[in-house]
Every structure is written in structure tokens, then in C-alpha cells.
$ cat query_32.csv   # CSV, C-alpha atoms
chain,number,residue,atom,x,y,z
A,858,MET,CA,100.3,85.5,118.5
A,859,THR,CA,99.5,81.8,117.8
A,860,ALA,CA,97.9,80.8,114.6
A,861,HIS,CA,94.1,80.6,114.4
A,862,THR,CA,92.6,77.6,112.6
A,863,ARG,CA,89.3,79.3,112.4
A,864,ALA,CA,89.1,82.6,110.5
A,865,PRO,CA,88.4,85.0,113.3
A,866,GLY,CA,84.9,86.3,113.2
A,867,GLY,CA,83.7,85.8,116.7
A,868,THR,CA,87.1,85.1,118.2
A,869,GLY,CA,88.9,87.4,120.5
A,870,ASN,CA,87.9,89.9,123.2
A,871,ARG,CA,84.6,91.7,122.6
A,872,ASP,CA,86.3,95.0,123.4
A,873,THR,CA,89.2,94.8,121.0
A,874,PHE,CA,89.7,95.7,117.3
A,875,PHE,CA,90.8,92.9,115.0
A,876,HIS,CA,92.0,93.6,111.4
A,877,PRO,CA,93.3,90.5,109.5
A,878,ALA,CA,94.3,90.2,105.8
A,879,LEU,CA,93.1,87.1,104.0
A,880,PHE,CA,95.3,86.0,101.1
A,881,TYR,CA,93.5,83.8,98.5
A,882,GLY,CA,94.4,82.4,95.1
A,883,THR,CA,91.3,80.5,94.1
A,884,ASP,CA,87.5,80.9,94.5
A,885,ASP,CA,87.5,77.9,96.9
A,886,GLU,CA,90.1,79.6,99.1
A,887,TYR,CA,88.1,82.8,98.9
A,888,THR,CA,84.8,81.3,100.0
A,889,ALA,CA,86.5,79.2,102.6
A,890,GLY,CA,88.3,82.1,104.2
A,891,VAL,CA,85.5,84.7,104.0
A,892,GLY,CA,82.8,82.1,104.8
A,893,ALA,CA,84.6,81.0,108.0
A,894,PHE,CA,84.9,84.6,109.1
A,895,VAL,CA,81.2,85.3,108.3
A,896,ARG,CA,79.8,82.1,109.9
A,897,GLY,CA,81.9,82.7,113.0
A,898,ALA,CA,80.6,86.3,113.3
A,899,LEU,CA,77.0,85.2,112.8
A,900,GLU,CA,77.3,82.4,115.4
A,901,ASP,CA,78.5,85.0,117.9
A,902,GLY,CA,75.6,87.3,117.1
A,903,HIS,CA,77.6,90.0,115.3
A,904,ARG,CA,76.1,92.6,113.0
A,905,LEU,CA,77.7,91.9,109.7
A,906,LEU,CA,78.6,94.0,106.6
A,907,VAL,CA,80.1,92.4,103.5
A,908,ALA,CA,81.6,94.9,101.0
A,909,VAL,CA,83.4,93.2,98.2
A,910,PRO,CA,83.6,93.8,94.4
A,911,GLY,CA,80.3,93.0,92.6
A,912,ARG,CA,81.7,90.0,90.8
A,913,GLN,CA,82.4,88.3,94.1
A,914,LEU,CA,78.9,88.8,95.6
A,915,PRO,CA,77.1,85.9,93.9
A,916,LEU,CA,80.0,83.6,94.8
A,917,LEU,CA,79.7,84.4,98.5
A,918,ARG,CA,75.9,84.4,98.6
A,919,ASP,CA,75.8,80.9,97.1
A,920,ALA,CA,78.5,79.7,99.5
A,921,LEU,CA,76.7,81.1,102.6
A,922,GLY,CA,73.2,79.9,101.7
A,923,ASP,CA,70.5,80.9,104.2
A,924,ALA,CA,73.0,82.9,106.2
A,925,ARG,CA,73.1,85.6,103.5
A,926,GLU,CA,69.8,86.9,104.7
A,927,GLU,CA,71.4,88.2,107.9
A,928,ILE,CA,74.1,90.2,106.1
A,929,THR,CA,74.3,93.7,104.7
A,930,TRP,CA,75.7,93.4,101.2
A,931,VAL,CA,77.6,96.2,99.4
A,932,ASP,CA,79.2,96.2,95.9
A,933,MET,CA,82.6,97.7,96.8
A,934,ALA,CA,83.4,98.3,93.1
A,935,ARG,CA,80.6,100.9,93.2
A,936,ALA,CA,80.5,102.2,96.8
A,937,GLY,CA,84.3,102.1,97.1
A,938,ARG,CA,85.3,103.2,93.6
A,939,ASN,CA,87.0,106.1,95.3
A,940,PRO,CA,89.0,104.5,98.2
A,941,GLY,CA,88.6,107.7,100.2
A,942,ARG,CA,84.9,106.9,100.7
A,943,ILE,CA,85.3,103.4,102.1
A,944,LEU,CA,86.3,104.3,105.7
A,945,SER,CA,83.3,106.6,106.1
A,946,MET,CA,81.0,103.7,105.0
A,947,LEU,CA,82.6,101.3,107.5
A,948,GLN,CA,82.4,103.8,110.3
A,949,ASP,CA,78.7,104.6,109.5
A,950,PHE,CA,77.8,100.9,109.7
A,951,ALA,CA,79.7,100.5,113.0
A,952,ASP,CA,78.1,103.7,114.4
A,953,ARG,CA,74.6,102.5,113.6
A,954,HIS,CA,75.2,99.6,115.9
A,955,ARG,CA,77.2,101.4,118.5
A,956,ASP,CA,74.4,101.0,121.1
A,957,ALA,CA,73.6,97.4,120.3
A,958,SER,CA,74.9,94.6,122.4
A,959,ALA,CA,76.3,92.8,119.3
A,960,ARG,CA,79.8,93.3,118.1
A,961,VAL,CA,80.3,94.5,114.5
A,962,SER,CA,82.1,92.4,111.9
A,963,ILE,CA,83.0,93.6,108.4
A,964,VAL,CA,84.4,92.0,105.3
A,965,GLY,CA,86.0,94.8,103.2
A,966,GLU,CA,87.9,94.2,100.0
A,967,PRO,CA,89.2,97.6,98.9
A,968,ILE,CA,91.8,96.4,96.3
A,969,TRP,CA,91.1,94.0,93.5
A,970,VAL,CA,92.6,93.0,90.2
A,971,GLY,CA,91.9,95.8,87.8
A,972,ARG,CA,92.4,98.7,90.2
A,973,THR,CA,94.7,101.4,88.8
A,974,PRO,CA,98.0,102.0,90.6
A,975,ALA,CA,96.7,105.4,91.7
A,976,GLU,CA,93.6,103.7,93.2
A,977,ALA,CA,95.7,101.0,94.9
A,978,TRP,CA,97.9,103.6,96.6
A,979,GLU,CA,94.9,105.4,98.0
A,980,ALA,CA,93.3,102.1,99.1
A,981,THR,CA,96.6,101.2,100.9
A,982,ARG,CA,96.3,104.5,102.7
A,983,HIS,CA,92.7,103.6,103.6
A,984,GLU,CA,93.9,100.2,105.0
A,985,ALA,CA,96.4,101.9,107.2
A,986,LEU,CA,93.8,104.5,108.4
A,987,ILE,CA,91.4,101.7,109.5
A,988,ASN,CA,93.8,101.0,112.3
A,989,LEU,CA,93.6,104.5,113.6
A,990,ALA,CA,89.9,105.0,113.1
A,991,PHE,CA,88.9,101.7,114.8
A,992,ALA,CA,91.5,101.5,117.5
A,993,GLY,CA,89.9,100.4,120.7
A,994,ARG,CA,86.5,99.8,119.1
A,995,PRO,CA,84.8,96.3,119.4
A,996,ALA,CA,84.9,95.4,115.7
A,997,GLY,CA,86.6,92.9,113.3
A,998,ILE,CA,87.4,93.8,109.7
A,999,LEU,CA,88.6,91.1,107.4
A,1000,CYS,CA,90.3,92.2,104.2
A,1001,PRO,CA,90.7,89.7,101.4
A,1002,TYR,CA,93.6,90.0,99.0
A,1003,ASP,CA,93.9,88.1,95.7
A,1004,THR,CA,97.4,86.8,95.3
A,1005,ALA,CA,97.2,87.8,91.6
A,1006,LEU,CA,97.5,91.4,92.7
A,1007,PRO,CA,100.9,93.2,92.0
A,1008,GLU,CA,103.6,92.2,94.5
A,1009,GLU,CA,103.9,95.8,95.8
A,1010,VAL,CA,100.2,95.7,96.7
A,1011,LEU,CA,100.6,92.4,98.6
A,1012,ALA,CA,103.7,93.7,100.4
A,1013,GLN,CA,101.8,96.7,101.6
A,1014,ALA,CA,99.0,94.5,102.9
A,1015,TYR,CA,101.5,93.0,105.4
A,1016,ARG,CA,102.3,96.5,106.6
A,1017,THR,CA,98.7,97.6,107.0
A,1018,HIS,CA,97.3,94.5,108.8
A,1019,PRO,CA,98.4,93.4,112.2
A,1020,VAL,CA,97.3,89.9,111.4
A,1021,VAL,CA,97.7,88.0,108.1
A,1022,GLY,CA,97.1,84.6,106.7
A,1023,GLY,CA,95.0,82.3,104.6
A,1024,PRO,CA,91.8,80.3,105.0
A,1025,ASP,CA,93.4,77.8,107.4
A,1026,ALA,CA,95.6,79.9,109.7
A,1027,TYR,CA,96.3,83.5,110.7
A,1028,ARG,CA,99.4,84.9,112.4
A,1029,ALA,CA,100.8,88.2,113.5
A,1030,SER,CA,102.4,90.1,110.7
A,1031,SER,CA,106.1,90.7,111.3
A,1032,ARG,CA,106.0,93.6,108.8
A,1033,TYR,CA,103.1,95.5,110.4
A,1034,ALA,CA,104.0,99.3,110.4
A,1035,ASP,CA,102.8,102.4,112.2
A,1036,PRO,CA,99.8,103.7,110.2
A,1037,HIS,CA,101.3,107.2,110.1
A,1038,ASP,CA,104.5,105.8,108.5
A,1039,VAL,CA,102.4,104.0,105.9
A,1040,CYS,CA,100.5,107.1,105.1
A,1041,ARG,CA,103.8,109.0,104.7
A,1042,ASP,CA,105.1,106.3,102.4
A,1043,CYS,CA,101.9,106.6,100.3
A,1044,ASP,CA,102.9,110.2,99.5
A,1045,VAL,CA,104.8,109.1,96.4
A,1046,PRO,CA,105.4,111.8,93.7
A,1047,LEU,CA,102.5,112.3,91.3
A,1048,PRO,CA,103.2,112.1,87.6
A,1049,GLU,CA,103.3,115.5,85.9
A,1050,PRO,CA,100.6,116.2,83.3
A,1051,ALA,CA,101.7,116.7,79.7
A,1052,ASP,CA,99.4,119.7,79.3
A,1053,ALA,CA,97.3,121.5,81.9
A,1054,VAL,CA,95.4,124.7,82.2
A,1055,VAL,CA,96.9,126.7,85.1
A,1056,VAL,CA,94.8,129.1,87.2
A,1057,PRO,CA,96.4,130.8,90.2
A,1058,PHE,CA,93.9,132.1,92.7
A,1059,GLY,CA,93.6,134.0,96.0
A,1060,GLU,CA,90.6,135.0,98.2
A,1061,ARG,CA,89.3,137.5,95.7
A,1062,ASP,CA,89.6,135.1,92.8
A,1063,LEU,CA,87.4,132.3,94.0
A,1064,ALA,CA,84.3,133.2,92.0
A,1065,ARG,CA,86.4,133.7,88.8
A,1066,THR,CA,88.2,130.4,89.5
A,1067,ARG,CA,84.9,128.5,89.8
A,1068,ASP,CA,83.7,130.0,86.6
A,1069,GLU,CA,86.9,129.0,84.8
A,1070,ALA,CA,86.6,125.4,86.2
A,1071,GLU,CA,83.0,125.2,85.0
A,1072,ARG,CA,83.7,126.5,81.5
A,1073,TRP,CA,86.8,124.3,81.1
A,1074,ALA,CA,84.9,121.1,82.2
A,1075,ALA,CA,82.1,121.8,79.8
A,1076,ALA,CA,84.5,122.3,76.9
A,1077,ALA,CA,86.4,119.2,77.9
A,1078,GLY,CA,83.3,117.1,77.6
A,1079,LEU,CA,82.1,116.5,81.1
A,1080,PRO,CA,78.4,115.5,81.0
A,1081,PRO,CA,75.9,118.1,82.4
A,1082,SER,CA,74.8,115.6,85.0
A,1083,ARG,CA,78.3,115.6,86.5
A,1084,ARG,CA,79.1,119.3,86.3
A,1085,PRO,CA,77.5,120.3,89.6
A,1086,ASP,CA,79.7,117.6,91.4
A,1087,TRP,CA,82.8,118.9,89.6
A,1088,LEU,CA,82.1,122.5,90.5
A,1089,LEU,CA,81.3,121.8,94.1
A,1090,ALA,CA,84.4,119.6,94.6
A,1091,VAL,CA,86.7,122.2,93.0
A,1092,SER,CA,85.0,125.0,95.0
A,1093,GLU,CA,85.5,123.2,98.3
A,1094,ALA,CA,89.2,122.5,97.4
A,1095,THR,CA,90.0,126.1,96.4
A,1096,SER,CA,88.1,127.5,99.4
A,1097,ASN,CA,90.1,125.3,101.7
A,1098,SER,CA,93.3,126.6,100.1
A,1099,VAL,CA,92.3,130.1,101.0
A,1100,ARG,CA,91.2,129.3,104.5
A,1101,HIS,CA,93.9,126.8,105.5
A,1102,GLY,CA,96.6,126.9,102.8
A,1103,GLY,CA,98.1,130.3,103.2
A,1104,GLY,CA,95.4,132.3,101.5
A,1105,ARG,CA,96.2,131.3,97.9
A,1106,GLY,CA,96.8,128.3,95.7
A,1107,THR,CA,97.1,127.0,92.1
A,1108,LEU,CA,94.4,125.1,90.2
A,1109,ARG,CA,95.6,122.9,87.3
A,1110,MET,CA,93.1,121.0,85.1
A,1111,TRP,CA,93.7,118.5,82.3
A,1112,ARG,CA,92.0,115.6,80.6
A,1113,THR,CA,93.4,112.1,80.4
A,1114,GLY,CA,91.6,109.1,78.8
A,1115,ARG,CA,88.0,109.1,80.0
A,1116,GLU,CA,88.4,111.4,83.0
A,1117,LEU,CA,89.0,115.0,84.0
A,1118,ILE,CA,91.5,115.9,86.7
A,1119,ALA,CA,91.7,119.0,88.8
A,1120,GLU,CA,94.8,119.5,91.0
A,1121,ILE,CA,94.8,122.1,93.8
A,1122,GLY,CA,98.2,122.9,95.4
A,1123,ASP,CA,98.8,125.3,98.3
A,1124,ARG,CA,101.0,125.8,101.3
A,1125,GLY,CA,98.7,124.0,103.7
A,1126,ARG,CA,99.4,121.0,106.0
A,1127,LEU,CA,97.3,118.0,106.8
A,1128,SER,CA,97.9,117.5,110.5
A,1129,ASP,CA,95.3,114.6,110.9
A,1130,PRO,CA,95.5,111.9,108.2
A,1131,LEU,CA,91.8,111.0,109.0
A,1132,THR,CA,90.6,114.4,107.9
A,1133,GLY,CA,87.6,113.9,105.6
A,1134,ARG,CA,87.4,110.2,106.2
A,1135,ARG,CA,84.2,110.2,108.2
A,1136,ARG,CA,80.8,111.9,107.8
A,1137,PRO,CA,81.2,115.3,109.5
A,1138,ASP,CA,79.0,116.4,112.3
A,1139,PRO,CA,77.1,119.5,111.1
A,1140,CYS,CA,77.4,121.0,114.6
A,1141,ALA,CA,81.2,120.4,114.9
A,1142,THR,CA,83.8,123.0,114.4
A,1143,THR,CA,86.8,120.7,113.9
A,1144,GLY,CA,86.7,120.8,110.1
A,1145,GLY,CA,87.1,118.1,107.5
A,1146,ARG,CA,83.7,118.8,105.8
A,1147,GLY,CA,85.3,120.0,102.5
A,1148,VAL,CA,87.6,117.0,102.1
A,1149,TRP,CA,84.7,114.6,102.9
A,1150,ILE,CA,82.6,116.3,100.2
A,1151,MET,CA,85.4,115.9,97.7
A,1152,HIS,CA,85.7,112.2,98.5
A,1153,GLU,CA,81.9,111.7,98.1
A,1154,LEU,CA,81.7,113.5,94.8
A,1155,CYS,CA,84.8,112.3,93.0
A,1156,ASP,CA,85.8,109.0,91.5
A,1157,LEU,CA,89.3,109.3,93.0
A,1158,VAL,CA,91.0,111.8,95.3
A,1159,GLU,CA,94.8,111.7,95.6
A,1160,ILE,CA,96.3,113.5,98.5
A,1161,ARG,CA,100.0,114.3,98.8
A,1162,ALA,CA,101.5,116.0,101.8
A,1163,ALA,CA,105.0,117.4,101.2
A,1164,ALA,CA,107.4,119.8,102.8
A,1165,GLU,CA,106.4,122.5,100.3
A,1166,GLY,CA,102.6,122.1,100.9
A,1167,LEU,CA,99.5,120.0,100.2
A,1168,VAL,CA,98.3,118.7,96.8
A,1169,LEU,CA,94.9,117.3,96.0
A,1170,ARG,CA,94.0,115.6,92.7
A,1171,LEU,CA,90.4,115.2,92.0
A,1172,HIS,CA,89.4,112.7,89.3
A,1173,MET,CA,86.0,112.6,87.6
A,1174,GLY,CA,85.0,110.2,84.9
A,1175,LEU,CA,83.4,111.4,81.7
A,1176,GLU,CA,80.8,108.7,81.8

$ encode --input "query_32.csv" --output "C-alpha cells"
Amino acid sequence: MTAHTRAPGGTGNRDTFFHPALFYGTDDEYTAGVGAFVRGALEDGHRLLVAVPGRQLPLLRDALGDAREEITWVDMARAGRNPGRILSMLQDFADRHRDASARVSIVGEPIWVGRTPAEAWEATRHEALINLAFAGRPAGILCPYDTALPEEVLAQAYRTHPVVGGPDAYRASSRYADPHDVCRDCDVPLPEPADAVVVPFGERDLARTRDEAERWAAAAGLPPSRRPDWLLAVSEATSNSVRHGGGRGTLRMWRTGRELIAEIGDRGRLSDPLTGRRRPDPCATTGGRGVWIMHELCDLVEIRAAAEGLVLRLHMGLE
């Protein structure tokens, strides 16, 4: 692929998917690269979503001037706090305009300076899954990456984006990898907790397990306003273990810093890495509803698929 001097917003075939990574080191490079993509998309009549961390929103609005009125703006630090929610948001936006004549263009910045390593791993998984979820769809998704991010994060960006570059030129990434391979590589071992409450469960123990999770969370300091979310997320995870994970599993719970963590392990398998990454059809029988609910309720969901089974870690902040 030859280099593009214009950040590709409206470039390319209307029927193809385009997923470039934009690397920037300064505010000027950021506004130049994102601005070129946005203006190109608007000139070509695209429907446009810009989802970036809140601190970047005023910068882009000022740079885009009157064009900002034609854009749907989202604070990614809030909407994408859990990286597992982002893909559903992007797909919902694209689906709303599926019948329109305009192509969809999106700016999505899922990793920023200050993300925890755990969040960055799940955001990298998200970036790989974009390539599966949007394959063949007429859409362009530009993902900005601050060059101040850790080197490992920047290296993964080359593996998850078919096209990479800066504000002045884009090129094919020589390190682009199969999304399934990237997802497998994201299954790095999770650190073991120092102290956890362990609750084995089976089909007849689900009610008791929910009660134990509720009592423990209250004693650990989870605010009453968040307890229904905690209970529903844990309930969905343990029920999934019974239905799809061999009929039983193990719940572990512990507190670290300002969050509670519930880990559910079983003998299940995750055959489709996109499971739970889009809003489920209430009439469909293909599953994924439980994992989608967990992503919507929790501040972070870590998923690990290993030879011995499946592990889900559900994080919920105390504030």
C-alpha cells in the first residue's frame, strides 16, 4: 500500500473497512491527524462518531470549529472505562446508520496515558476484535495512540491495525497479525490475589452463592448503589458456568485498592472471541447475553481462555 498524504476519512472504496492507527506526540500532531480524518469524512458526507478521552474533547472541538456540530461526541474515559464495552458502542453507532447512504467514520481512542496494564491488555483485545466485527463493512475507524504510552502498548498497535502512521502519511503495517492470534496472546496469566474468599458452586448452589457474594460485597464496602450491578454480574457469570462450563465452577472474591474483584473459573470454552461484544438480540438463541451484561455493569472484565478452562475477572470500583 502506498502512503496517504491525507489522513483517510473519505478515501478508499465505500464498501471496504479501513482501520488505521495514528501515532502522535504533541497536541498539534493530534489535532492535525484527527482533524484531517474528520474533515475528509465530513467532506464525503460520512456519519461521524468521535470517542476520545474527555481531556481531548475541547482540543478537538476548538480545532474543528463549526464542523463540530455535525459530529457525535463521546467521552471515551467514561463510556469506554471498561474496554469490553467499546465495540458494542461502535457497532451500535454503525448499525443506526446501516440503511443510510452515507458511510460511517469513527475516531476511537481506547488506550490513553493512565490506563492500567490490565485495561490496556483488554483494550488491545478490543482493537484486534474490531477487525473481525467490522470485516467487510463500509466503515473507517481511526485510532489515535500517544507515543508516550508504554512501548508494549505501541508495539501491539502495529499488530492490531492493518494501516499505521502519523498526521502526514499512512502505510501498511508490516507487523499486522491475525486477530485470533492477538486475542490468544492477550491471554497472559493473571496475577494471583494475596487473599481471597473461595466459594465452589454447582447448579444447586447458585442461590447460596449469590447470597454469599452479596454479603461479602456489603462487608467489603461496596456502596448500596452498586450492589445490584455486582450481584447481577456475578449471577450471570456463575449461571454461565453451570450452563456452559461443565456444571460447576469456583468463585473467588477479594478487595484491592479502591475496587472489588470477583473471579469465576470453570471448565468452559470461548469458541467465539466476539461473544458479549455486541448488544444481544432478545429474540436470538445464539447466546452472549450474560457476558454482554457483565461488560455493561463492570468497570473492567478480564477474560482468560486456557487449556484448563475459562476465567472471568469482574472489577467494580468502590466509588

$ closest_residue --input "query_32.csv" --among "A:Ala1090, A:Val964, A:Gly902, A:Met1110" --to "Thr929 of chain A" --atoms "only C-alpha atoms"
A:Val964

$ closest_atom_pairs --input "query_32.csv" --of "segment 1128-1157 of chain A" --to "segment 975-983 of chain A" --cutoff "12 Å" --atoms "all atoms listed in the file" --output "JSON lines"
{"residue": "A:Pro1130", "atom": "CA", "partner": "A:Arg982", "partner_atom": "CA", "distance": 9.3}
{"residue": "A:Leu1131", "atom": "CA", "partner": "A:His983", "partner_atom": "CA", "distance": 9.2}
{"residue": "A:Thr1132", "atom": "CA", "partner": "A:His983", "partner_atom": "CA", "distance": 11.8}
{"residue": "A:Gly1133", "atom": "CA", "partner": "A:His983", "partner_atom": "CA", "distance": 11.7}
{"residue": "A:Arg1134", "atom": "CA", "partner": "A:His983", "partner_atom": "CA", "distance": 8.9}
{"residue": "A:Arg1135", "atom": "CA", "partner": "A:His983", "partner_atom": "CA", "distance": 11.7}
{"residue": "A:His1152", "atom": "CA", "partner": "A:Glu979", "partner_atom": "CA", "distance": 11.5}
{"residue": "A:Asp1156", "atom": "CA", "partner": "A:Glu976", "partner_atom": "CA", "distance": 9.6}
{"residue": "A:Leu1157", "atom": "CA", "partner": "A:Glu976", "partner_atom": "CA", "distance": 7.1}

$ closest_residue --input "query_32.csv" --among "A:Phe894, A:Trp1111, A:Tyr1027, A:Tyr881" --to "Ala1076 of chain A" --atoms "only C-alpha atoms"
A:Trp1111

$ closest_residue --input "query_32.csv" --among "A:Leu906, A:Val931, A:Ala1034, A:Val961" --to "Phe874 of chain A" --atoms "all atoms listed in the file"
A:Val961

$ residues_around --input "query_32.csv" --residues "Val1039 of chain A" --least-positions-apart "6" --cutoff "9 Å" --atoms "only C-alpha atoms" --output "list in words"
Thr981, Arg982, Ala985, Leu986, Gln1013, Arg1016 and Thr1017 of chain A

$ closest_residue --input "query_32.csv" --among "A:Gly941, A:Gly1174, A:Gly1147, A:Gly1059" --to "Glu1159 of chain A" --atoms "all atoms listed in the file"
A:Gly941

$ residues_near_point --input "query_32.csv" --point "(76.4, 103.0, 93.7)" --cutoff "12 Å" --atoms "only C-alpha atoms" --output "number ranges by chain"
A: 910-911, 931-939, 942, 1153-1154, 1156

$ closest_residue --input "query_32.csv" --among "A:Met1151, A:Leu1175, A:Val907, A:Ala1064" --to "Leu1089 of chain A" --atoms "all atoms listed in the file"
A:Met1151

$ atom_distance --input "query_32.csv" --atom1 "atom CA of Gly1023 of chain A" --atom2 "atom CA of Leu879 of chain A"
5.2 Å

$ closest_residue --input "query_32.csv" --among "A:Ser1096, A:Thr1113, A:Thr888, A:Ser962" --to "Ile928 of chain A" --atoms "all atoms listed in the file"
A:Ser962

$ residues_around --input "query_32.csv" --residues "Gly1104 of chain A" --least-positions-apart "6" --cutoff "10 Å" --atoms "only C-alpha atoms" --output "NGL selection string"
:A and (1058-1061 or 1095-1098 or 1123-1125)

$ write_last_selection --input "query_32.csv" --atoms "C-alpha atoms" --output "PDB file, in the frame of the given file"
ATOM      1  CA  PHE A1058      93.900 132.100  92.700  1.00  0.00           C
ATOM      2  CA  GLY A1059      93.600 134.000  96.000  1.00  0.00           C
ATOM      3  CA  GLU A1060      90.600 135.000  98.200  1.00  0.00           C
ATOM      4  CA  ARG A1061      89.300 137.500  95.700  1.00  0.00           C
ATOM      5  CA  THR A1095      90.000 126.100  96.400  1.00  0.00           C
ATOM      6  CA  SER A1096      88.100 127.500  99.400  1.00  0.00           C
ATOM      7  CA  ASN A1097      90.100 125.300 101.700  1.00  0.00           C
ATOM      8  CA  SER A1098      93.300 126.600 100.100  1.00  0.00           C
ATOM      9  CA  ASP A1123      98.800 125.300  98.300  1.00  0.00           C
ATOM     10  CA  ARG A1124     101.000 125.800 101.300  1.00  0.00           C
ATOM     11  CA  GLY A1125      98.700 124.000 103.700  1.00  0.00           C
TER      12      GLY A1125
END

$ atom_distance --input "query_32.csv" --atom1 "atom CA of Pro1024 of chain A" --atom2 "atom CA of Ala924 of chain A"
19.0 Å

$ atom_distance --input "query_32.csv" --atom1 "atom CA of Pro1007 of chain A" --atom2 "atom CA of Arg1028 of chain A"
22.1 Å

$ residues_around --input "query_32.csv" --residues "Pro1048 of chain A" --least-positions-apart "4" --cutoff "12 Å" --atoms "only C-alpha atoms" --output "ChimeraX atom specification"
/A:974-975,1052,1120,1159,1161,1170
